[in-house]
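> mmCIF, C-alpha atoms and all ligand atoms, saved as protein28.cif, coming up:
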```cif
data_input
loop_
_atom_site.label_atom_id
_atom_site.label_comp_id
_atom_site.auth_asym_id
_atom_site.auth_seq_id
_atom_site.Cartn_x
_atom_site.Cartn_y
_atom_site.Cartn_z
CA MET A 1 16.68 41.60 -27.37
CA ALA A 2 13.61 40.05 -25.76
CA GLY A 3 12.67 40.05 -22.09
CA LEU A 4 13.18 37.07 -19.81
CA LEU A 5 9.60 35.75 -19.95
CA GLU A 6 9.94 35.38 -23.70
CA LEU A 7 13.55 34.14 -23.76
CA TYR A 8 12.94 31.44 -21.13
CA ALA A 9 9.24 30.82 -21.77
CA ASP A 10 9.80 27.05 -21.71
CA ARG A 11 11.19 27.18 -18.17
CA LEU A 12 8.82 29.71 -16.59
CA PRO A 13 5.22 29.21 -15.40
CA PHE A 14 3.38 31.61 -17.73
CA ALA A 15 0.71 30.57 -20.22
CA ALA A 16 1.39 31.85 -23.73
CA GLY A 17 -0.62 34.72 -25.11
CA GLY A 18 -1.31 36.73 -21.95
CA PRO A 19 0.02 40.22 -21.21
CA VAL A 20 3.73 40.48 -20.39
CA ILE A 21 5.13 43.41 -18.42
CA THR A 22 8.74 43.77 -19.49
CA LEU A 23 11.55 46.26 -19.95
CA ASP A 24 13.77 43.73 -21.75
CA GLU A 25 15.51 42.89 -18.49
CA GLY A 26 18.22 40.26 -18.11
CA SER A 27 20.88 39.27 -20.67
CA THR A 28 23.49 41.03 -18.53
CA PRO A 29 27.25 40.74 -19.20
CA LEU A 30 29.51 38.23 -17.45
CA VAL A 31 32.96 39.80 -17.54
CA ALA A 32 36.33 38.38 -16.56
CA ALA A 33 38.04 40.02 -13.60
CA PRO A 34 41.81 39.66 -14.09
CA ALA A 35 42.92 41.79 -11.13
CA LEU A 36 40.60 39.98 -8.74
CA SER A 37 41.54 36.61 -10.21
CA GLU A 38 45.17 37.30 -9.44
CA ARG A 39 44.43 38.38 -5.88
CA VAL A 40 42.09 35.46 -5.18
CA GLY A 41 44.09 32.77 -6.97
CA ALA A 42 41.13 31.53 -9.01
CA GLU A 43 39.35 32.52 -12.23
CA VAL A 44 36.86 35.20 -11.12
CA TRP A 45 33.93 36.37 -13.28
CA LEU A 46 31.57 39.24 -12.55
CA LYS A 47 27.86 39.04 -13.40
CA LEU A 48 26.89 42.67 -13.93
CA GLU A 49 23.33 42.76 -12.66
CA GLY A 50 23.53 46.53 -12.31
CA LEU A 51 23.00 46.65 -16.08
CA ASN A 52 19.37 45.62 -15.78
CA PRO A 53 16.83 48.35 -16.70
CA THR A 54 16.48 49.79 -13.19
CA GLY A 55 20.06 49.02 -12.21
CA SER A 56 19.64 45.87 -10.15
CA PHE A 57 18.86 42.14 -10.36
CA LYS A 58 15.38 42.82 -9.00
CA ASP A 59 14.05 43.41 -12.53
CA ARG A 60 14.37 39.69 -13.29
CA GLY A 61 11.92 38.86 -10.53
CA MET A 62 9.77 41.93 -11.06
CA THR A 63 8.89 41.19 -14.71
CA ALA A 64 7.58 37.84 -13.48
CA ALA A 65 5.82 39.07 -10.33
CA VAL A 66 4.14 42.09 -11.95
CA THR A 67 3.12 40.06 -15.00
CA GLY A 68 1.58 37.51 -12.63
CA ALA A 69 -0.20 40.24 -10.67
CA VAL A 70 -1.63 41.82 -13.85
CA ARG A 71 -2.81 38.45 -15.14
CA GLU A 72 -4.65 37.91 -11.86
CA GLY A 73 -6.33 41.29 -12.20
CA ALA A 74 -4.44 43.08 -9.41
CA GLU A 75 -4.80 46.83 -9.40
CA ALA A 76 -1.97 47.48 -6.99
CA VAL A 77 1.38 45.92 -6.13
CA LEU A 78 3.20 46.38 -2.84
CA CYS A 79 6.56 45.51 -1.31
CA ALA A 80 8.80 46.22 1.64
CA SER A 81 12.22 47.27 0.49
CA THR A 82 15.72 48.44 1.29
CA GLY A 83 15.53 50.34 -2.01
CA ASN A 84 16.14 48.25 -5.10
CA THR A 85 12.93 46.25 -5.00
CA ALA A 86 11.12 49.55 -4.56
CA ALA A 87 12.78 51.07 -7.64
CA SER A 88 12.04 47.99 -9.71
CA LEU A 89 8.45 47.66 -8.51
CA ALA A 90 7.87 51.33 -9.30
CA ALA A 91 9.15 50.98 -12.87
CA TYR A 92 7.20 47.81 -13.66
CA ALA A 93 4.00 49.15 -12.05
CA ALA A 94 4.34 52.29 -14.19
CA ARG A 95 4.83 50.09 -17.25
CA ALA A 96 1.74 48.04 -16.34
CA GLY A 97 -0.38 51.10 -15.56
CA ILE A 98 -1.24 49.91 -12.04
CA ARG A 99 -0.64 51.44 -8.61
CA GLY A 100 2.74 50.75 -7.05
CA ALA A 101 3.42 51.25 -3.35
CA VAL A 102 6.58 50.60 -1.36
CA LEU A 103 7.26 50.53 2.38
CA VAL A 104 10.82 51.52 3.26
CA PRO A 105 12.88 52.15 6.40
CA GLU A 106 13.05 55.92 6.79
CA GLY A 107 16.44 57.46 6.06
CA LYS A 108 18.03 54.13 5.15
CA ILE A 109 17.46 54.09 1.38
CA ALA A 110 20.24 55.06 -1.03
CA THR A 111 19.47 58.30 -2.89
CA GLY A 112 19.34 56.85 -6.39
CA LYS A 113 16.80 54.20 -5.40
CA LEU A 114 14.55 56.74 -3.74
CA ALA A 115 14.72 59.00 -6.80
CA GLN A 116 13.77 56.08 -9.05
CA ALA A 117 10.77 55.00 -6.96
CA LEU A 118 9.47 58.57 -6.79
CA MET A 119 10.08 59.32 -10.48
CA HIS A 120 8.16 56.22 -11.54
CA GLY A 121 5.21 57.45 -9.50
CA ALA A 122 5.05 54.84 -6.76
CA ARG A 123 3.68 55.72 -3.34
CA VAL A 124 6.81 55.74 -1.23
CA ILE A 125 5.89 55.22 2.41
CA ALA A 126 8.62 55.49 5.04
CA ILE A 127 8.40 53.96 8.52
CA GLN A 128 10.68 54.43 11.49
CA ALA A 129 11.58 50.78 11.62
CA ASN A 130 13.80 48.41 9.68
CA PHE A 131 13.12 46.22 6.62
CA ASP A 132 12.07 43.21 8.70
CA VAL A 133 9.27 45.16 10.38
CA ALA A 134 8.22 46.60 7.00
CA LEU A 135 8.00 43.11 5.50
CA ASP A 136 5.82 41.86 8.36
CA LEU A 137 3.49 44.83 7.81
CA VAL A 138 3.11 44.40 4.05
CA ARG A 139 2.55 40.66 4.41
CA GLU A 140 -0.30 41.31 6.82
CA LEU A 141 -1.82 44.05 4.65
CA CYS A 142 -1.70 41.89 1.52
CA ASP A 143 -3.44 39.07 3.42
CA ARG A 144 -6.34 41.41 4.15
CA GLU A 145 -6.59 43.55 1.02
CA PRO A 146 -6.65 42.73 -2.70
CA ILE A 147 -3.08 43.90 -3.22
CA ALA A 148 -0.38 41.74 -4.81
CA LEU A 149 2.71 41.25 -2.66
CA VAL A 150 5.82 41.25 -4.85
CA ASN A 151 8.59 40.68 -2.32
CA SER A 152 10.64 37.55 -2.92
CA VAL A 153 8.24 35.59 -0.70
CA ASN A 154 6.22 35.63 -3.95
CA PRO A 155 7.31 32.46 -5.83
CA LEU A 156 7.22 34.27 -9.19
CA ARG A 157 10.10 36.48 -8.03
CA ILE A 158 12.23 33.37 -7.56
CA GLU A 159 11.18 32.04 -10.97
CA GLY A 160 12.27 35.25 -12.71
CA GLN A 161 15.53 35.54 -10.80
CA LYS A 162 16.60 31.94 -11.47
CA THR A 163 17.20 32.98 -15.10
CA ALA A 164 20.52 34.52 -14.04
CA SER A 165 21.85 30.98 -13.47
CA PHE A 166 20.76 29.99 -16.96
CA GLU A 167 22.61 32.98 -18.40
CA ILE A 168 25.84 32.26 -16.51
CA ALA A 169 25.80 28.65 -17.67
CA GLU A 170 25.22 29.79 -21.28
CA GLN A 171 27.89 32.48 -21.07
CA LEU A 172 30.59 30.16 -19.75
CA GLY A 173 29.53 27.23 -21.94
CA PRO A 174 29.70 23.50 -21.18
CA ASP A 175 33.51 23.38 -21.29
CA ARG A 176 33.94 25.92 -18.49
CA PRO A 177 31.72 24.76 -15.61
CA LEU A 178 31.33 27.03 -12.64
CA ASP A 179 32.78 25.68 -9.38
CA ALA A 180 31.34 28.34 -7.10
CA LEU A 181 29.00 31.33 -6.98
CA ALA A 182 29.71 34.22 -4.58
CA ILE A 183 26.63 36.28 -3.74
CA PRO A 184 25.43 38.81 -1.16
CA VAL A 185 22.61 37.57 1.07
CA GLY A 186 19.95 39.86 2.54
CA ASN A 187 16.39 38.60 2.49
CA ALA A 188 17.83 35.45 0.87
CA GLY A 189 15.61 35.38 -2.22
CA ASN A 190 18.38 35.70 -4.75
CA ILE A 191 20.58 32.87 -3.49
CA THR A 192 17.44 30.71 -3.37
CA ALA A 193 16.68 31.63 -7.00
CA TYR A 194 20.21 31.00 -8.28
CA TRP A 195 20.28 27.59 -6.62
CA LYS A 196 16.93 26.68 -8.15
CA GLY A 197 18.19 27.73 -11.58
CA PHE A 198 21.38 25.71 -11.31
CA HIS A 199 19.47 22.75 -9.95
CA GLU A 200 17.12 22.81 -12.95
CA LEU A 201 20.19 22.65 -15.20
CA GLY A 202 21.65 19.72 -13.25
CA LEU A 203 24.53 21.93 -12.07
CA SER A 204 25.79 22.27 -8.52
CA PRO A 205 28.33 25.06 -8.00
CA ARG A 206 29.20 25.77 -4.37
CA MET A 207 27.01 28.58 -3.13
CA LEU A 208 29.11 31.05 -1.16
CA GLY A 209 26.85 33.54 0.64
CA PHE A 210 28.15 36.75 2.19
CA GLN A 211 26.50 38.99 4.75
CA ALA A 212 27.58 42.22 6.41
CA GLU A 213 28.95 41.66 9.91
CA GLY A 214 26.29 43.87 11.53
CA ALA A 215 23.49 42.12 9.65
CA ALA A 216 24.57 38.49 9.56
CA PRO A 217 21.71 36.36 10.94
CA LEU A 218 22.57 33.35 8.81
CA VAL A 219 26.17 33.39 10.01
CA LEU A 220 25.14 33.82 13.65
CA GLY A 221 22.31 31.30 13.42
CA HIS A 222 19.73 33.65 14.92
CA PRO A 223 17.80 36.77 13.86
CA VAL A 224 19.43 40.16 14.41
CA GLU A 225 16.99 42.62 15.95
CA HIS A 226 18.84 45.81 15.00
CA PRO A 227 20.82 45.11 11.82
CA GLU A 228 23.36 47.77 10.85
CA THR A 229 25.68 48.09 7.86
CA ILE A 230 26.83 50.65 5.33
CA ALA A 231 25.53 48.23 2.70
CA SER A 232 21.94 49.44 3.21
CA ALA A 233 20.55 47.01 0.61
CA ILE A 234 21.35 44.05 2.89
CA ARG A 235 20.51 45.70 6.22
CA ILE A 236 18.22 42.79 7.12
CA GLY A 237 18.06 40.79 10.34
CA LYS A 238 15.40 38.17 9.65
CA PRO A 239 15.61 36.81 6.08
CA ALA A 240 12.29 35.51 4.74
CA ARG A 241 13.96 32.68 2.83
CA TRP A 242 16.25 31.59 5.64
CA GLU A 243 15.75 27.82 5.29
CA GLU A 244 16.02 27.81 1.49
CA ALA A 245 19.24 29.81 1.60
CA MET A 246 20.82 27.53 4.20
CA ALA A 247 19.74 24.48 2.19
CA ALA A 248 21.33 25.92 -0.97
CA MET A 249 24.64 26.45 0.81
CA THR A 250 24.61 23.13 2.66
CA ASN A 251 23.50 21.03 -0.29
CA SER A 252 26.08 22.58 -2.62
CA GLY A 253 29.01 22.25 -0.21
CA GLY A 254 29.06 26.02 0.17
CA ILE A 255 29.18 28.30 3.19
CA VAL A 256 27.84 31.58 4.56
CA ARG A 257 30.31 34.11 5.96
CA ALA A 258 30.46 37.68 7.21
CA VAL A 259 32.51 40.65 6.05
CA SER A 260 32.95 43.96 7.87
CA ASP A 261 31.86 47.34 6.52
CA ASP A 262 35.53 48.28 6.08
CA GLU A 263 36.14 45.14 4.06
CA ILE A 264 33.05 45.89 1.96
CA LEU A 265 34.28 49.43 1.25
CA GLY A 266 37.75 48.13 0.39
CA ALA A 267 36.31 45.65 -2.11
CA TYR A 268 33.97 48.34 -3.48
CA ARG A 269 36.95 50.57 -4.25
CA PHE A 270 39.09 47.68 -5.51
CA VAL A 271 36.64 46.52 -8.15
CA ALA A 272 35.94 50.09 -9.31
CA ALA A 273 39.60 51.07 -9.51
CA ASN A 274 41.04 47.81 -10.85
CA GLU A 275 38.29 46.23 -12.92
CA GLY A 276 36.42 49.34 -14.11
CA VAL A 277 33.22 48.03 -12.55
CA PHE A 278 31.15 50.28 -10.29
CA CYS A 279 28.77 48.33 -8.07
CA GLU A 280 26.87 49.36 -4.97
CA PRO A 281 28.24 48.52 -1.50
CA ALA A 282 26.04 45.43 -0.90
CA SER A 283 27.26 44.00 -4.20
CA ALA A 284 30.84 44.32 -3.02
CA ALA A 285 30.21 41.96 -0.07
CA PRO A 286 30.99 38.79 -2.07
CA ILE A 287 34.12 40.42 -3.48
CA ALA A 288 35.17 41.31 0.06
CA GLY A 289 34.47 37.71 0.99
CA LEU A 290 36.65 36.30 -1.79
CA LEU A 291 39.47 38.71 -0.90
CA LYS A 292 39.18 37.83 2.81
CA TYR A 293 38.61 34.09 2.77
CA GLY A 294 39.84 33.01 -0.68
CA VAL A 295 37.94 30.19 -2.37
CA PRO A 296 37.29 26.70 -0.97
CA ASP A 297 39.74 23.96 -1.98
CA GLY A 298 39.18 22.70 -5.50
CA VAL A 299 37.43 25.84 -6.75
CA GLU A 300 39.05 27.05 -9.96
CA ARG A 301 36.27 29.17 -11.44
CA VAL A 302 33.94 31.43 -9.45
CA ALA A 303 31.28 33.93 -10.52
CA CYS A 304 30.52 36.88 -8.34
CA VAL A 305 27.04 38.39 -8.54
CA LEU A 306 27.27 42.19 -8.60
CA THR A 307 23.64 42.76 -7.71
CA GLY A 308 23.28 46.53 -8.12
CA HIS A 309 24.87 49.49 -9.93
CA GLY A 310 27.19 51.87 -8.12
CA LEU A 311 25.17 54.90 -9.25
CA LYS A 312 22.38 53.79 -6.94
CA ASP A 313 24.30 55.13 -3.97
CA PRO A 314 26.34 58.20 -4.98
CA GLN A 315 26.68 59.39 -1.37
CA THR A 316 28.57 56.32 -0.22
CA ALA A 317 30.74 56.49 -3.35
CA LEU A 318 31.69 60.11 -2.75
CA GLY A 319 32.52 59.33 0.87
CA ALA A 320 34.67 56.36 -0.10
CA SER A 321 36.66 57.86 -2.96
CA GLY A 322 39.22 60.59 -3.68
CA SER A 323 38.35 64.25 -3.85
CA VAL A 324 37.95 66.64 -6.77
CA ILE A 325 41.03 68.77 -7.60
CA PRO A 326 40.26 72.50 -7.75
CA CYS A 327 42.21 74.23 -10.52
CA ALA A 328 42.63 77.65 -12.20
CA ALA A 329 41.27 77.89 -15.77
CA GLU A 330 44.77 78.16 -17.16
CA LEU A 331 46.95 75.75 -19.16
CA ASP A 332 49.95 75.38 -16.82
CA ALA A 333 47.76 74.82 -13.82
CA VAL A 334 45.74 72.20 -15.69
CA ARG A 335 48.95 70.50 -16.85
CA ASP A 336 50.21 70.33 -13.27
CA ALA A 337 46.90 68.98 -12.10
CA VAL A 338 46.89 66.28 -14.79
CA LEU A 339 50.53 65.24 -14.69
CA GLY A 340 51.78 66.44 -11.30
N1 LIG B 1 22.23 43.19 -3.30
C1 LIG B 1 21.42 44.23 -3.51
C2 LIG B 1 21.95 45.38 -4.29
C3 LIG B 1 20.10 44.21 -3.01
O1 LIG B 1 19.31 45.24 -3.24
C4 LIG B 1 19.67 43.09 -2.27
C5 LIG B 1 18.33 43.05 -1.70
C6 LIG B 1 20.56 42.02 -2.09
C7 LIG B 1 21.83 42.12 -2.62
C8 LIG B 1 20.20 40.80 -1.34
O2 LIG B 1 19.31 40.01 -2.07
O3 LIG B 1 17.46 39.94 -0.45
O4 LIG B 1 17.55 38.36 -2.35
O5 LIG B 1 19.15 38.14 -0.46
N2 LIG B 1 17.52 44.01 -1.70
C9 LIG B 1 16.13 43.95 -1.27
C10 LIG B 1 15.41 45.24 -1.59
C11 LIG B 1 15.94 43.49 0.12
O6 LIG B 1 14.42 45.57 -0.94
O7 LIG B 1 15.81 45.92 -2.54
P1 LIG B 1 18.31 39.04 -1.30
#
```
Will you turn the file into structure tokens for me?
Ligand code: F0G

Amino acid sequence: MAGLLELYADRLPFAAGGPVITLDEGSTPLVAAPALSERVGAEVWLKLEGLNPTGSFKDRGMTAAVTGAVREGAEAVLCASTGNTAASLAAYAARAGIRGAVLVPEGKIATGKLAQALMHGARVIAIQANFDVALDLVRELCDREPIALVNSVNPLRIEGQKTASFEIAEQLGPDRPLDALAIPVGNAGNITAYWKGFHELGLSPRMLGFQAEGAAPLVLGHPVEHPETIASAIRIGKPARWEEAMAAMTNSGGIVRAVSDDEILGAYRFVAANEGVFCEPASAAPIAGLLKYGVPDGVERVACVLTGHGLKDPQTALGASGSVIPCAAELDAVRDAVLG
């Protein structure tokens, strides 16, 4: 399997022959979700972005952004992050042999993501402020210093991430057009990228964006100064791509809606227990949205973007699931534990 810059070379802005920083990202499964389909009353598909090399969709944008940075001679890449961008940046910077640094909100990063960023050798810098403040700081620093900014304000991130739309269209084929896409919205880069990808294909599924109730600036119509949600990946109050995201939803006949943390956790458990798919809490927001609001009239087929793997956040999973059964090392006791 080749990486995205090779697979979609004709639709991405990279001259042939230069260095490519890749971990063979992309080409993720699109699986049917029969239990969800029954509950929602439409054909629901799950795009498993957690199966990218670092466990989230960020790798699609990072292969493009880090390749671009290397081609421009950058010696360091930097981002603000709620965790996944940090993990992805760290891996691709390691691959490229350049310095990676990430600015994160202290204590608000899921354990797996932190472990990844540290293992890949990035400088992990924690501030006592939220993602929005971190993004303002890295933007200013990158304006002043020769450091490449690889947040999704970088257009190459959007270019890389739009390939997910190409894949969904290929996976469903021309006879099964997508009526809607359900997707979590944080900094709003991914919904912007999906819409661009569909637009380039001449497709126009309704873009259904979902935010956590405590971090729902697009739903409220104003920034949220102190965003809060259990879905730490989308704990964002001032999305950088606000206008683009709203345009994608408006122009496609879609909508942005909020779901509560309880609804997110319910959807998180539902998809794990009934579809065999373990995603992280933020990724369960669109599932919660479909379960709560159903699909708009006329929507028969909807794809749900499961942006990150459940293993990213083991702490939330352990808190949201059943407990381990203690048992004597003896056959009868084990039989009772299994069958009782
Ligand atoms: N889902 C997950 C698992 C994420 O990590 C993110 C964003 C989103 C959804 C929202 O995507 O920002 O493009 O609207 N995570 C960023 C990060 C902010 O730093 O990892 P978006």
> Enumerate residues in contact with ligand LIG 1 (chain B): an atom-to-atom distance of at most 9 Å, counting all atoms listed in the file. Format the result as a ChimeraX atom specification.
/A:49-50,55-58,79-88,104,113,131,151-152,158,183-193,211,231-236,239-241,245,279-285,305-309,312
> If I take CA of Glu263 in chain A and CA of Gly289 in chain A, how far is one from the other in Å, to one decimal?
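Separation of CA of Glu263 in chain A and CA of Gly289 in chain A: 8.2 Å.
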> Nearest to Leu156 in chain A among A:Ala69, A:Ile21, A:Ile287, A:Leu172, with distances taken over only C-alpha atoms: which residue is it?
A:Ala69
> List the spatial neighbours of Ala303 in chain A as a ChimeraX atom specification - criterion: any atom at most 7 Å away, all atoms listed in the file, same-chain residues fewer than 3 positions off excluded.
/A:44-47,180-182
> Select, from A:Ala148, A:Ala16, A:Leu208, A:Ala320, the residue with the minimum atom-to-atom distance to Pro296 in chain A, counting only C-alpha atoms.
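So, comparing all the options, the nearest one is A:Leu208.
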> Quick one: distance from CA of Gly202 in chain A to CA of Ala248 in chain A in Å, one decimal?
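Computing it gives 13.8 Å between the two atoms.
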> CA of Tyr194 in chain A and CA of Ser165 in chain A are how many Å apart?
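We find that CA of Tyr194 in chain A and CA of Ser165 in chain A lie 5.4 Å from each other.
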